[in-house]
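For reference, start_31.pdb is printed below; it contains PDB, C-alpha atoms.
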ATOM      1  CA  MET A   1      78.472  75.124 101.395
ATOM      2  CA  LYS A   2      75.334  76.831 100.142
ATOM      3  CA  LYS A   3      72.209  74.677 100.276
ATOM      4  CA  LYS A   4      70.610  74.220  96.857
ATOM      5  CA  GLU A   5      67.155  75.661  96.307
ATOM      6  CA  LEU A   6      64.435  73.042  95.889
ATOM      7  CA  GLU A   7      62.182  73.187  92.826
ATOM      8  CA  THR A   8      58.889  71.448  92.030
ATOM      9  CA  ARG A   9      57.576  70.243  88.660
ATOM     10  CA  PHE A  10      54.311  68.585  87.638
ATOM     11  CA  TYR A  11      53.373  65.961  85.048
ATOM     12  CA  SER A  12      50.212  64.295  83.869
ATOM     13  CA  VAL A  13      50.892  60.596  84.269
ATOM     14  CA  ASN A  14      49.070  57.354  84.597
ATOM     15  CA  LEU A  15      48.914  56.582  88.279
ATOM     16  CA  GLU A  16      47.923  52.966  88.688
ATOM     17  CA  THR A  17      46.729  50.987  91.687
ATOM     18  CA  ARG A  18      46.429  47.375  92.731
ATOM     19  CA  GLU A  19      45.890  45.550  95.993
ATOM     20  CA  GLU A  20      48.266  42.886  97.314
ATOM     21  CA  ASN A  21      48.135  41.187 100.718
ATOM     22  CA  GLY A  22      46.183  44.006 102.375
ATOM     23  CA  ALA A  23      48.364  46.763 100.930
ATOM     24  CA  GLY A  24      47.499  49.322  98.310
ATOM     25  CA  ILE A  25      50.183  49.517  95.627
ATOM     26  CA  VAL A  26      50.496  52.774  93.675
ATOM     27  CA  THR A  27      52.756  53.112  90.641
ATOM     28  CA  GLY A  28      53.553  56.198  88.608
ATOM     29  CA  ARG A  29      56.217  58.357  86.972
ATOM     30  CA  PRO A  30      56.847  61.694  88.707
ATOM     31  CA  ILE A  31      59.853  62.600  86.514
ATOM     32  CA  VAL A  32      59.620  62.480  82.736
ATOM     33  CA  PHE A  33      62.615  62.965  80.440
ATOM     34  CA  GLY A  34      62.444  64.589  77.040
ATOM     35  CA  GLN A  35      59.200  66.564  77.422
ATOM     36  CA  LYS A  36      59.151  70.292  77.114
ATOM     37  CA  THR A  37      57.106  71.889  79.889
ATOM     38  CA  ASP A  38      55.825  75.462  79.713
ATOM     39  CA  LEU A  39      56.519  77.061  83.099
ATOM     40  CA  GLY A  40      55.059  80.409  82.132
ATOM     41  CA  PHE A  41      58.091  82.608  81.539
ATOM     42  CA  PHE A  42      60.199  79.817  80.083
ATOM     43  CA  ASP A  43      60.097  76.196  78.954
ATOM     44  CA  GLU A  44      61.910  73.424  80.745
ATOM     45  CA  TYR A  45      63.275  70.158  79.424
ATOM     46  CA  ILE A  46      64.905  67.406  81.493
ATOM     47  CA  GLU A  47      67.500  65.445  79.565
ATOM     48  CA  ALA A  48      67.721  61.678  79.745
ATOM     49  CA  GLY A  49      70.521  60.828  82.154
ATOM     50  CA  ALA A  50      69.833  63.817  84.414
ATOM     51  CA  LEU A  51      69.297  61.401  87.318
ATOM     52  CA  ASP A  52      72.514  59.428  86.753
ATOM     53  CA  ASP A  53      74.376  60.964  89.714
ATOM     54  CA  ALA A  54      71.373  62.291  91.653
ATOM     55  CA  ASN A  55      70.984  61.726  95.364
ATOM     56  CA  LEU A  56      67.938  59.450  95.662
ATOM     57  CA  SER A  57      68.814  58.185  99.131
ATOM     58  CA  ASP A  58      65.687  59.423 100.930
ATOM     59  CA  VAL A  59      62.569  60.173  98.883
ATOM     60  CA  ARG A  60      59.083  60.595 100.355
ATOM     61  CA  LEU A  61      55.641  60.166  98.750
ATOM     62  CA  CYS A  62      53.142  62.866  99.743
ATOM     63  CA  LEU A  63      49.916  64.434  98.514
ATOM     64  CA  ASN A  64      50.129  67.923  96.999
ATOM     65  CA  HIS A  65      53.619  68.459  98.483
ATOM     66  CA  ASP A  66      52.158  68.425 101.992
ATOM     67  CA  THR A  67      55.126  66.945 103.821
ATOM     68  CA  SER A  68      53.287  66.829 107.142
ATOM     69  CA  TYR A  69      52.097  63.322 106.214
ATOM     70  CA  VAL A  70      54.251  60.786 104.392
ATOM     71  CA  TYR A  71      52.392  57.928 102.661
ATOM     72  CA  ALA A  72      55.512  55.973 101.686
ATOM     73  CA  ARG A  73      59.265  56.387 101.727
ATOM     74  CA  SER A  74      62.276  55.110  99.840
ATOM     75  CA  ARG A  75      65.510  54.913 101.806
ATOM     76  CA  ARG A  76      68.090  53.174  99.679
ATOM     77  CA  ASN A  77      69.566  50.016 101.176
ATOM     78  CA  ASN A  78      67.024  50.027 103.980
ATOM     79  CA  PRO A  79      64.806  46.971 104.432
ATOM     80  CA  LYS A  80      61.996  49.189 105.751
ATOM     81  CA  ASN A  81      61.381  50.844 102.369
ATOM     82  CA  THR A  82      57.705  51.365 101.670
ATOM     83  CA  MET A  83      58.424  52.812  98.231
ATOM     84  CA  ASN A  84      60.814  51.690  95.534
ATOM     85  CA  ILE A  85      62.119  54.116  92.929
ATOM     86  CA  TYR A  86      63.413  53.138  89.510
ATOM     87  CA  PRO A  87      65.415  55.598  87.411
ATOM     88  CA  ASN A  88      65.248  54.518  83.771
ATOM     89  CA  SER A  89      65.585  55.861  80.223
ATOM     90  CA  GLU A  90      62.162  57.558  80.409
ATOM     91  CA  GLY A  91      62.450  59.216  83.832
ATOM     92  CA  LEU A  92      61.784  58.017  87.368
ATOM     93  CA  ASP A  93      59.156  55.413  88.199
ATOM     94  CA  ILE A  94      57.824  54.715  91.672
ATOM     95  CA  GLU A  95      56.049  51.808  93.310
ATOM     96  CA  ALA A  96      54.625  52.638  96.736
ATOM     97  CA  ASN A  97      53.202  50.212  99.251
ATOM     98  CA  LEU A  98      50.439  51.998 101.191
ATOM     99  CA  ALA A  99      49.216  50.657 104.524
ATOM    100  CA  ILE A 100      45.536  50.897 103.547
ATOM    101  CA  ASP A 101      44.435  48.432 106.237
ATOM    102  CA  GLU A 102      46.205  50.402 108.976
ATOM    103  CA  SER A 103      45.715  54.034 107.968
ATOM    104  CA  PRO A 104      42.451  55.752 107.011
ATOM    105  CA  LYS A 105      44.495  58.529 105.353
ATOM    106  CA  ALA A 106      46.326  55.974 103.212
ATOM    107  CA  GLN A 107      42.991  54.335 102.313
ATOM    108  CA  ASP A 108      41.527  57.706 101.229
ATOM    109  CA  PHE A 109      44.663  58.521  99.234
ATOM    110  CA  PHE A 110      44.635  55.111  97.532
ATOM    111  CA  SER A 111      40.890  55.347  96.760
ATOM    112  CA  ALA A 112      41.215  58.803  95.194
ATOM    113  CA  ILE A 113      43.977  57.534  92.884
ATOM    114  CA  LYS A 114      42.081  54.339  92.095
ATOM    115  CA  ARG A 115      38.958  56.330  91.107
ATOM    116  CA  GLY A 116      41.056  58.669  88.974
ATOM    117  CA  ASP A 117      40.283  61.731  91.100
ATOM    118  CA  ILE A 118      44.025  62.228  91.537
ATOM    119  CA  ASP A 119      45.964  61.491  88.347
ATOM    120  CA  LYS A 120      48.963  63.829  88.261
ATOM    121  CA  MET A 121      52.398  63.683  89.837
ATOM    122  CA  SER A 122      55.041  66.164  90.844
ATOM    123  CA  PHE A 123      58.502  66.088  92.351
ATOM    124  CA  MET A 124      60.673  68.280  94.568
ATOM    125  CA  PHE A 125      64.314  68.448  93.543
ATOM    126  CA  SER A 126      67.493  70.472  93.287
ATOM    127  CA  ILE A 127      69.292  71.304  90.062
ATOM    128  CA  ASP A 128      73.049  70.726  89.796
ATOM    129  CA  GLU A 129      73.510  71.633  86.124
ATOM    130  CA  GLU A 130      71.387  73.291  83.466
ATOM    131  CA  ARG A 131      71.908  75.247  80.287
ATOM    132  CA  TRP A 132      69.723  77.898  78.727
ATOM    133  CA  GLU A 133      68.702  77.994  75.078
ATOM    134  CA  ASP A 134      66.907  80.662  73.034
ATOM    135  CA  LEU A 135      67.804  83.389  75.506
ATOM    136  CA  GLU A 136      67.244  85.990  72.798
ATOM    137  CA  SER A 137      63.572  84.952  72.492
ATOM    138  CA  ASP A 138      60.630  85.936  74.682
ATOM    139  CA  HIS A 139      60.348  82.327  75.852
ATOM    140  CA  PRO A 140      63.764  80.699  76.521
ATOM    141  CA  THR A 141      64.281  77.047  77.449
ATOM    142  CA  SER A 142      66.057  75.660  80.492
ATOM    143  CA  VAL A 143      67.596  72.258  79.792
ATOM    144  CA  ILE A 144      68.268  70.385  83.027
ATOM    145  CA  THR A 145      71.259  68.140  82.487
ATOM    146  CA  LYS A 146      71.943  67.094  86.086
ATOM    147  CA  ILE A 147      69.518  66.791  89.002
ATOM    148  CA  GLY A 148      71.234  67.107  92.369
ATOM    149  CA  SER A 149      68.688  65.379  94.576
ATOM    150  CA  VAL A 150      65.066  64.301  94.669
ATOM    151  CA  VAL A 151      63.582  64.661  98.151
ATOM    152  CA  GLU A 152      59.870  64.164  97.562
ATOM    153  CA  VAL A 153      57.336  62.999  94.977
ATOM    154  CA  SER A 154      53.644  63.814  95.191
ATOM    155  CA  ALA A 155      50.349  62.753  93.760
ATOM    156  CA  MET A 156      48.626  65.999  92.765
ATOM    157  CA  THR A 157      45.076  67.293  92.765
ATOM    158  CA  PHE A 158      45.739  70.629  91.029
ATOM    159  CA  PRO A 159      49.196  70.861  89.495
ATOM    160  CA  ALA A 160      50.452  74.339  88.758
ATOM    161  CA  TYR A 161      51.644  73.213  85.331
ATOM    162  CA  ASP A 162      49.730  70.496  83.540
ATOM    163  CA  THR A 163      52.039  68.854  81.011
TER
END

Full structure transcribed into structure tokens:
Amino acid sequence: MKKKELETRFYSVNLETREENGAGIVTGRPIVFGQKTDLGFFDEYIEAGALDDANLSDVRLCLNHDTSYVYARSRRNNPKNTMNIYPNSEGLDIEANLAIDESPKAQDFFSAIKRGDIDKMSFMFSIDEERWEDLESDHPTSVITKIGSVVEVSAMTFPAYDT
């Protein structure tokens, strides 16, 4: 079976922070349904419901897609989750519990989001189904109807595409 190519997409979102019991909580929405995004040579649109059958069993939270350090992780049905993910009618929301009292890197990450220095999100995923529209134009549109898996979400400093 051929392994699916992983893609990344970026969105301007409201990352929010709060502190609870010595942990830094970060919330945001790395996947947004129903917004057309200009990817340069084409537009992309993710339909509502695209996550319905997606594999969300192991999703990591990173900074700028640097997977050498994981700030939080969602492993479905695992009591050691440090991030919860919530697919909904608007996209995918996250709530990450950062160990800011135990990790200087997590504290720096949390502080940068809290100050608003980092305010974008991105996600790494595979596409199971898509359709193309306006192929006769100079700027067609890819409509993603089914995401195969989401493996990572990131807070971003400089997204390649600022929606």

Q.
Nearest residue to A:Ser57 out of A:Tyr45, A:Ile85, A:Pro30, A:Lys114, using only C-alpha atoms?
A. A:Ile85

Q.
Assuming the chain letters and numbering stay as they are in my file, what does the PyMOL selection byres ((chain A and resi 42) around 7) actually select? List them as a ChimeraX atom specification.
A. /A:38-41,43-44,139-141

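Around stretch 99-113 of chain A, within 7 Å and counting all atoms listed in the file, the residues found are A:Leu15, A:Gly22, A:Ala23, A:Gly24, A:Tyr71, A:Asp117, A:Ile118, A:Asp119, once anything fewer than 4 positions away on its own chain is removed.
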
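Interatomic distance, atom CA of A:Ser74 to atom CA of A:Glu90: 19.6 Å.
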
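Using all atoms listed in the file, the nearest neighbour of A:Leu61 within the list A:Asp134, A:Glu152, A:Glu19, A:Glu129 is A:Glu152.
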
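Distances here use only C-alpha atoms; by that measure, the residue among A:Val26, A:Leu98, A:Met156, A:Ile147 closest to A:Asn55 is A:Ile147.
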
**Q.** Evaluate the PyMOL selection byres ((chain A and resi 46) around 12) and report residues as a PyMOL selection string
**A.** chain A and resi 9+31-37+43-45+47-51+89-92+127+129-132+141-147

Write out as a compact mmCIF listing (two decimals) with C-alpha atoms, in the frame of the given file which residues come within 8 Å of A:Val151 when counting only C-alpha atoms, dropping same-chain ones fewer than 4 positions away.
# COMPACT_ATOMS: atom_id res chain seq x y z
CA LEU A 56 67.94 59.45 95.66
CA ASP A 58 65.69 59.42 100.93
CA VAL A 59 62.57 60.17 98.88
CA ARG A 60 59.08 60.60 100.36
CA PHE A 123 58.50 66.09 92.35
CA MET A 124 60.67 68.28 94.57
CA PHE A 125 64.31 68.45 93.54
